[in-house]
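The block underneath contains the structure these notes are about, expressed in C-alpha cells.
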Amino acid sequence: MLFIPNCYFHPYLRAVLYGIAAATAALLLTAVLAALLRVPALRAGVVDRRCRRPLPLFGGLAVVVVTCLVAWTGEWTRVAPLGDGVGRLLLAAAAVAALGLVADVWRLRGRVVVAGTAVAAACVVPYDETGVAGGALAVGWIVVASLVFRGLDHADGLAGTVGVVTAFGAGACAAIEVMDGLAVVLSVFAAALTGFLMHNWHPARVGLGACGSLFCGFLLSASVVFTRAGYALGPSAAVAFCLVAVAVADAALVVLVRLLGRRPVLRRGPDHLAHRLRRLGLTPPGAVVLLGFCSFVTVVSGVLVHMGWVGEKPALWVAGGAVLLVLVLLRVPVRIPVQQPRRMASTQVRSQLRVRNG
C-alpha cells in the first residue's frame, strides 16, 4: 500500500483531485467548443475535403484553446504550477497553433510554416542541458515531428488517436522525471484530444487542421526534448523516435512513393498508411484502430527505454517494424487522381472575341 506522510497528504490529494477535475473539464469543454466552432468554420469556408464532403477545420482550435485555458488556470490558482520552462513551451506551442490557423484560413506557403515552427522551437530548447549542437538537433527534431503529425490529419480519427497515445507516453516520461507541471499539461492535452475525437471519429464532423496538428506535434516533441535533456544522445534519439514512430513511418511512405512516382512531395494524395490499409480491406475505423495499436506498442517501448528498464534494442525493433510496414504497404496499389489540364481557348476563338470586343 502506498504510504503518504500526513504533512504531504493534503497537497497530494489536492493535486490528484485537480488532475481529475482538469482532465474532465478539458474533455467536456473541447467536445462542446468543437461542436460550436463547426458552424463558423463552414460559413467561413475553412474546410477540407474528406470523402467528397466538406470537413470544418476549427476542431484543432478548440483543442488548443481548452488545453491552454485549463493549464494556465492551474498555474494562476497555484494548484498545479507549470514549473520552469513549461509555460514558455506552452506559449510557443500556442504560437505555432496560431501560425497553423493562419495556414488553414489563408493557405500559407510551406516554407513559412517551417520557419515559424523552427523559430518557436529555438525559443524553448534548454540549451544549458543539451548544448549548442544538441539544441540544434532538438530544434530540427521538433520541426520534423510537427510536420509529420500534420501529415497524420488525412483520415478520420487518426491524428487524434495517435496523439492521445503519444501524450500519455510523454506524460509518463515527464512524471518519471518528476516534472509535474509538464505531466499535468500533457494529461490535459490528452483529455482535450479525447473530447475532440467525439466529433472526429468516422464519419468526422470536424477536423484538426494545421492549427491542431502542428500544436499536437510541437507540444509532444518539445515535451520529449524537455524530459530527455541532459541524457545521452543515443538513448534520447531512441525514445524520441519510438514515441512518434507511426507518424514518421507515414511520412516516410508518402515521401518515398511520391519520389518514385515523380510527383510533387507536397501535393496531397491518397497514398498514406491509412489509405493503403483500406485498400487491403480494412474499414476506416479499423485502419485507425490498427495504427493506434501500433502507436501504443511503440510508445510503450519508448517509455521502457526512458525508464532504463531495457536498453536501446526496443528502438531497433520499432525501426525495423516501421521499415517492414513501409515496404509491405509500398506494394499496395492506390488510385492517384490525375489533375486535368486547364482548357485553353483556341487562337481563333480568342481572335474572334477580340474582334467583337474591339
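Residues in the C-alpha cells are named by chain (A, B, ... in the order shown) and by number from 1 within that chain; ligands are numbered from 1 in the order shown.
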Might you pull out every residue within 10 Å of range 298-309 of chain A, with only C-alpha atoms counted and same-chain residues fewer than 4 positions away left off, and present them as a PyMOL selection string? chain A and resi 162+165-173+176-177+227-228+231+235-246+292-294+313-315+317-319+321-322
Mind writing the picked residues with N, CA and C atoms as a compact mmCIF listing (two decimals), in the first residue's frame?
# COMPACT_ATOMS: atom_id res chain seq x y z
N VAL A 162 -3.54 8.75 -32.38
CA VAL A 162 -2.09 8.67 -32.18
C VAL A 162 -1.63 9.75 -31.21
N VAL A 165 -2.43 8.63 -27.52
CA VAL A 165 -1.50 7.59 -27.06
C VAL A 165 -0.12 8.18 -26.78
N THR A 166 0.35 9.03 -27.69
CA THR A 166 1.67 9.64 -27.51
C THR A 166 1.69 10.58 -26.32
N ALA A 167 0.59 11.31 -26.10
CA ALA A 167 0.53 12.22 -24.95
C ALA A 167 0.64 11.46 -23.63
N PHE A 168 -0.02 10.32 -23.54
CA PHE A 168 0.10 9.52 -22.32
C PHE A 168 1.53 9.02 -22.13
N GLY A 169 2.19 8.61 -23.22
CA GLY A 169 3.57 8.17 -23.11
C GLY A 169 4.51 9.29 -22.70
N ALA A 170 4.37 10.46 -23.35
CA ALA A 170 5.21 11.61 -22.99
C ALA A 170 4.91 12.06 -21.56
N GLY A 171 3.65 11.99 -21.13
CA GLY A 171 3.29 12.34 -19.76
C GLY A 171 3.90 11.39 -18.76
N ALA A 172 3.96 10.11 -19.11
CA ALA A 172 4.60 9.14 -18.22
C ALA A 172 6.09 9.43 -18.08
N CYS A 173 6.75 9.79 -19.18
CA CYS A 173 8.17 10.16 -19.11
C CYS A 173 8.37 11.39 -18.24
N ILE A 176 8.00 10.45 -14.59
CA ILE A 176 9.19 9.74 -14.11
C ILE A 176 10.29 10.73 -13.73
N GLU A 177 10.39 11.83 -14.50
CA GLU A 177 11.40 12.85 -14.22
C GLU A 177 10.93 13.87 -13.18
N THR A 227 12.08 16.27 -21.34
CA THR A 227 12.29 15.14 -20.43
C THR A 227 13.62 14.45 -20.66
N ARG A 228 14.15 14.53 -21.87
CA ARG A 228 15.41 13.84 -22.18
C ARG A 228 16.61 14.77 -22.11
N TYR A 231 20.41 13.81 -20.92
CA TYR A 231 20.73 12.40 -21.15
C TYR A 231 21.62 12.27 -22.39
N PRO A 235 20.33 7.18 -26.50
CA PRO A 235 19.05 6.80 -25.88
C PRO A 235 17.96 7.84 -26.07
N SER A 236 18.33 9.12 -26.07
CA SER A 236 17.32 10.17 -26.28
C SER A 236 16.72 10.08 -27.67
N ALA A 237 17.56 9.83 -28.68
CA ALA A 237 17.04 9.66 -30.03
C ALA A 237 16.14 8.43 -30.13
N ALA A 238 16.50 7.37 -29.39
CA ALA A 238 15.68 6.16 -29.40
C ALA A 238 14.31 6.43 -28.80
N VAL A 239 14.26 7.14 -27.68
CA VAL A 239 12.98 7.47 -27.05
C VAL A 239 12.14 8.36 -27.96
N ALA A 240 12.77 9.40 -28.51
CA ALA A 240 12.03 10.33 -29.37
C ALA A 240 11.45 9.62 -30.59
N PHE A 241 12.22 8.72 -31.18
CA PHE A 241 11.72 8.01 -32.36
C PHE A 241 10.58 7.08 -31.99
N CYS A 242 10.69 6.36 -30.90
CA CYS A 242 9.65 5.41 -30.52
C CYS A 242 8.31 6.12 -30.29
N LEU A 243 8.35 7.31 -29.72
CA LEU A 243 7.10 8.00 -29.39
C LEU A 243 6.37 8.51 -30.64
N VAL A 244 7.07 8.71 -31.74
CA VAL A 244 6.41 9.21 -32.96
C VAL A 244 6.67 8.30 -34.15
N ALA A 245 6.89 7.01 -33.90
CA ALA A 245 7.29 6.10 -34.97
C ALA A 245 6.21 5.97 -36.05
N VAL A 246 4.94 5.93 -35.65
CA VAL A 246 3.86 5.76 -36.63
C VAL A 246 3.79 6.98 -37.55
N GLY A 292 -3.46 2.88 -34.28
CA GLY A 292 -3.42 3.28 -32.87
C GLY A 292 -2.76 2.23 -32.00
N PHE A 293 -3.03 0.95 -32.28
CA PHE A 293 -2.39 -0.13 -31.54
C PHE A 293 -0.89 -0.14 -31.81
N CYS A 294 -0.50 0.05 -33.06
CA CYS A 294 0.93 0.12 -33.38
C CYS A 294 1.59 1.28 -32.63
N LYS A 313 17.62 -1.66 -27.58
CA LYS A 313 17.19 -2.65 -28.57
C LYS A 313 15.73 -2.50 -28.97
N PRO A 314 14.80 -2.18 -28.03
CA PRO A 314 13.41 -1.99 -28.49
C PRO A 314 13.27 -0.94 -29.58
N ALA A 315 14.10 0.11 -29.54
CA ALA A 315 14.04 1.12 -30.60
C ALA A 315 14.45 0.53 -31.93
N TRP A 317 13.96 -2.62 -32.80
CA TRP A 317 12.82 -3.41 -33.23
C TRP A 317 11.72 -2.52 -33.80
N VAL A 318 11.51 -1.38 -33.16
CA VAL A 318 10.49 -0.44 -33.66
C VAL A 318 10.88 0.07 -35.04
N ALA A 319 12.16 0.44 -35.21
CA ALA A 319 12.62 0.92 -36.51
C ALA A 319 12.48 -0.16 -37.58
N GLY A 321 10.35 -2.68 -37.54
CA GLY A 321 8.93 -2.84 -37.84
C GLY A 321 8.39 -1.73 -38.71
N ALA A 322 8.85 -0.50 -38.48
CA ALA A 322 8.40 0.62 -39.31
C ALA A 322 8.87 0.45 -40.75
Contact residues around range 39-46 of chain A with only C-alpha atoms at 8 Å, ignoring same-chain residues under 3 positions, as a PyMOL selection string: chain A and resi 35-36+54-58+104-105
Grab the residues selected above and save them as a compact mmCIF listing (two decimals), in the first residue's frame with C-alpha atoms.
# COMPACT_ATOMS: atom_id res chain seq x y z
CA ALA A 35 -19.30 21.43 -31.89
CA LEU A 36 -19.85 25.19 -31.57
CA PRO A 54 -16.59 19.43 -46.57
CA LEU A 55 -14.92 18.98 -43.20
CA PRO A 56 -14.65 22.13 -41.00
CA LEU A 57 -11.16 22.60 -39.52
CA PHE A 58 -11.75 24.50 -36.29
CA ASP A 104 -5.89 26.95 -42.54
CA VAL A 105 -7.60 30.25 -43.37
Proximity check range 3-112 of chain A to range 251-268 of chain A, 12 Å, nearest pairs one decimal Å, only C-alpha atoms, as JSON lines:
{"residue": "A:Asp48", "atom": "CA", "partner": "A:Arg268", "partner_atom": "CA", "distance": 11.6}
{"residue": "A:Arg49", "atom": "CA", "partner": "A:Arg268", "partner_atom": "CA", "distance": 11.1}
{"residue": "A:Arg50", "atom": "CA", "partner": "A:Arg268", "partner_atom": "CA", "distance": 11.9}
{"residue": "A:Arg109", "atom": "CA", "partner": "A:Leu266", "partner_atom": "CA", "distance": 10.6}
{"residue": "A:Gly110", "atom": "CA", "partner": "A:Leu266", "partner_atom": "CA", "distance": 8.6}
{"residue": "A:Arg111", "atom": "CA", "partner": "A:Leu266", "partner_atom": "CA", "distance": 11.3}
Export, as a PDB file, in the first residue's frame, the selected residues with all heavy atoms.
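Written output follows (result_7.pdb):
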ATOM      1  N   ASP A  48     -11.843  21.246 -45.253  1.00  0.00           N
ATOM      2  CA  ASP A  48     -11.037  20.302 -46.008  1.00  0.00           C
ATOM      3  C   ASP A  48     -11.998  19.345 -46.706  1.00  0.00           C
ATOM      4  O   ASP A  48     -13.161  19.221 -46.313  1.00  0.00           O
ATOM      5  CB  ASP A  48     -10.096  19.548 -45.071  1.00  0.00           C
ATOM      6  CG  ASP A  48      -9.090  18.704 -45.833  1.00  0.00           C
ATOM      7  OD1 ASP A  48      -8.942  18.916 -47.050  1.00  0.00           O
ATOM      8  OD2 ASP A  48      -8.453  17.825 -45.216  1.00  0.00           O
ATOM      9  N   ARG A  49     -11.514  18.690 -47.748  1.00  0.00           N
ATOM     10  CA  ARG A  49     -12.335  17.710 -48.452  1.00  0.00           C
ATOM     11  C   ARG A  49     -11.988  16.322 -47.949  1.00  0.00           C
ATOM     12  O   ARG A  49     -10.846  15.882 -48.036  1.00  0.00           O
ATOM     13  CB  ARG A  49     -12.113  17.799 -49.965  1.00  0.00           C
ATOM     14  CG  ARG A  49     -12.715  19.054 -50.578  1.00  0.00           C
ATOM     15  CD  ARG A  49     -14.218  18.961 -50.576  1.00  0.00           C
ATOM     16  NE  ARG A  49     -14.843  20.238 -50.967  1.00  0.00           N
ATOM     17  CZ  ARG A  49     -16.154  20.425 -51.030  1.00  0.00           C
ATOM     18  NH1 ARG A  49     -16.972  19.452 -50.698  1.00  0.00           N
ATOM     19  NH2 ARG A  49     -16.642  21.598 -51.362  1.00  0.00           N
ATOM     20  N   ARG A  50     -12.958  15.646 -47.388  1.00  0.00           N
ATOM     21  CA  ARG A  50     -12.772  14.305 -46.844  1.00  0.00           C
ATOM     22  C   ARG A  50     -13.891  13.430 -47.381  1.00  0.00           C
ATOM     23  O   ARG A  50     -15.049  13.580 -46.991  1.00  0.00           O
ATOM     24  CB  ARG A  50     -12.799  14.358 -45.319  1.00  0.00           C
ATOM     25  CG  ARG A  50     -12.342  13.106 -44.588  1.00  0.00           C
ATOM     26  CD  ARG A  50     -10.860  12.920 -44.627  1.00  0.00           C
ATOM     27  NE  ARG A  50     -10.085  14.033 -44.086  1.00  0.00           N
ATOM     28  CZ  ARG A  50      -9.816  14.211 -42.805  1.00  0.00           C
ATOM     29  NH1 ARG A  50     -10.291  13.377 -41.899  1.00  0.00           N
ATOM     30  NH2 ARG A  50      -9.052  15.213 -42.414  1.00  0.00           N
ATOM     31  N   ARG A 109       2.382  29.449 -47.403  1.00  0.00           N
ATOM     32  CA  ARG A 109       3.371  28.588 -48.032  1.00  0.00           C
ATOM     33  C   ARG A 109       4.039  27.693 -46.989  1.00  0.00           C
ATOM     34  O   ARG A 109       4.174  28.059 -45.829  1.00  0.00           O
ATOM     35  CB  ARG A 109       4.421  29.421 -48.752  1.00  0.00           C
ATOM     36  CG  ARG A 109       3.885  30.163 -49.974  1.00  0.00           C
ATOM     37  CD  ARG A 109       4.993  30.913 -50.664  1.00  0.00           C
ATOM     38  NE  ARG A 109       4.514  31.561 -51.870  1.00  0.00           N
ATOM     39  CZ  ARG A 109       4.470  30.987 -53.071  1.00  0.00           C
ATOM     40  NH1 ARG A 109       4.903  29.742 -53.204  1.00  0.00           N
ATOM     41  NH2 ARG A 109       4.022  31.641 -54.118  1.00  0.00           N
ATOM     42  N   GLY A 110       4.471  26.533 -47.441  1.00  0.00           N
ATOM     43  CA  GLY A 110       5.070  25.575 -46.524  1.00  0.00           C
ATOM     44  C   GLY A 110       6.324  26.105 -45.855  1.00  0.00           C
ATOM     45  O   GLY A 110       6.577  25.834 -44.680  1.00  0.00           O
ATOM     46  N   ARG A 111       7.136  26.868 -46.589  1.00  0.00           N
ATOM     47  CA  ARG A 111       8.384  27.380 -46.015  1.00  0.00           C
ATOM     48  C   ARG A 111       8.123  28.359 -44.868  1.00  0.00           C
ATOM     49  O   ARG A 111       8.923  28.434 -43.930  1.00  0.00           O
ATOM     50  CB  ARG A 111       9.221  28.048 -47.106  1.00  0.00           C
ATOM     51  CG  ARG A 111       8.617  29.274 -47.734  1.00  0.00           C
ATOM     52  CD  ARG A 111       9.600  29.918 -48.695  1.00  0.00           C
ATOM     53  NE  ARG A 111       9.805  29.058 -49.841  1.00  0.00           N
ATOM     54  CZ  ARG A 111       9.155  29.194 -51.003  1.00  0.00           C
ATOM     55  NH1 ARG A 111       8.224  30.138 -51.147  1.00  0.00           N
ATOM     56  NH2 ARG A 111       9.405  28.402 -52.019  1.00  0.00           N
TER      57      ARG A 111
END
If you count only C-alpha atoms, the residue of A:Gly74, A:Pro285, A:Gly85, A:Gly212 closest to Gly160 in chain A turns out to be A:Gly212
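Shortest separation to Val125 in chain A among A:Arg88, A:Arg78, A:Arg278, A:Arg331 occurs at residue A:Arg88, atoms counted being only C-alpha atoms.
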Would you work out the distance separating CA of Gly181 in chain A from CA of Val86 in chain A, expressed in Å to one decimal?
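Between CA of Gly181 in chain A and CA of Val86 in chain A the gap is 7.0 Å.
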(Q) as an MDAnalysis selection string, please: every residue in range 4-109 of chain A that DSSP puts in strand (DSSP E or B). (A) chainID A and resid 47:49 54:56
Write the residues you've just listed into a file as a PDB file, in the first residue's frame, and include C-alpha atoms for each of them.
ATOM      1  CA  VAL A  47     -12.847  23.315 -44.672  1.00  0.00           C
ATOM      2  CA  ASP A  48     -11.037  20.302 -46.008  1.00  0.00           C
ATOM      3  CA  ARG A  49     -12.335  17.710 -48.452  1.00  0.00           C
ATOM      4  CA  PRO A  54     -16.586  19.434 -46.574  1.00  0.00           C
ATOM      5  CA  LEU A  55     -14.919  18.979 -43.201  1.00  0.00           C
ATOM      6  CA  PRO A  56     -14.649  22.126 -40.997  1.00  0.00           C
TER       7      PRO A  56
END
Apply DSSP to the structure's backbone, then extract all residues of range 209-309 of chain A labelled alpha helix (DSSP H) and return them as a ChimeraX atom specification.
/A:209-228,233-243,245-260,273-279,284-307
Computed interatomic separation between CA of Ala274 in chain A and CA of Ala97 in chain A (Å):
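Distance between the two atoms: 24.7 Å.
Our summary of the geometry notes that CA of Cys123 in chain A is positioned 13.6 Å from CA of Asp84 in chain A.
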Discussion item. Can you tell me which residues surround range 64-68 of chain A at a distance of at most 9 Å, considering only C-alpha atoms, apart from same-chain residues fewer than 2 positions away, and format the answer as a count of residues only?
Written reply: 30
task = Determine the nearest neighbour of Gly209 in chain A from the options A:Val63, A:Leu290, A:Leu282, A:Val143, counting only C-alpha atoms.
result =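 Among A:Val63, A:Leu290, A:Leu282, A:Val143, it is A:Val63 that comes nearest to Gly209 in chain A.
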For Val32 in chain A, the closest of A:Ala210, A:Ala159, A:Gly100, A:Phe196 counting only C-alpha atoms is A:Phe196
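Residues lying within 8 Å of Leu147 in chain A, counting only C-alpha atoms and ignoring same-chain neighbours fewer than 3 positions away, are Val143, Val144, Arg150, Gly151, Leu214 and Gly217 of chain A.
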Next on the checklist: Measuring between only C-alpha atoms, which one of A:Val297, A:Leu316, A:Leu273, A:Ala95 shows the shortest distance to Leu330 in chain A?
Outcome noted: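 Result for the nearest residue to Leu330 in chain A: A:Leu273.
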Judged by only C-alpha atoms, the minimum distance to Asp250 in chain A among A:Met179, A:Leu152, A:Met198, A:Val288 is found for A:Leu152
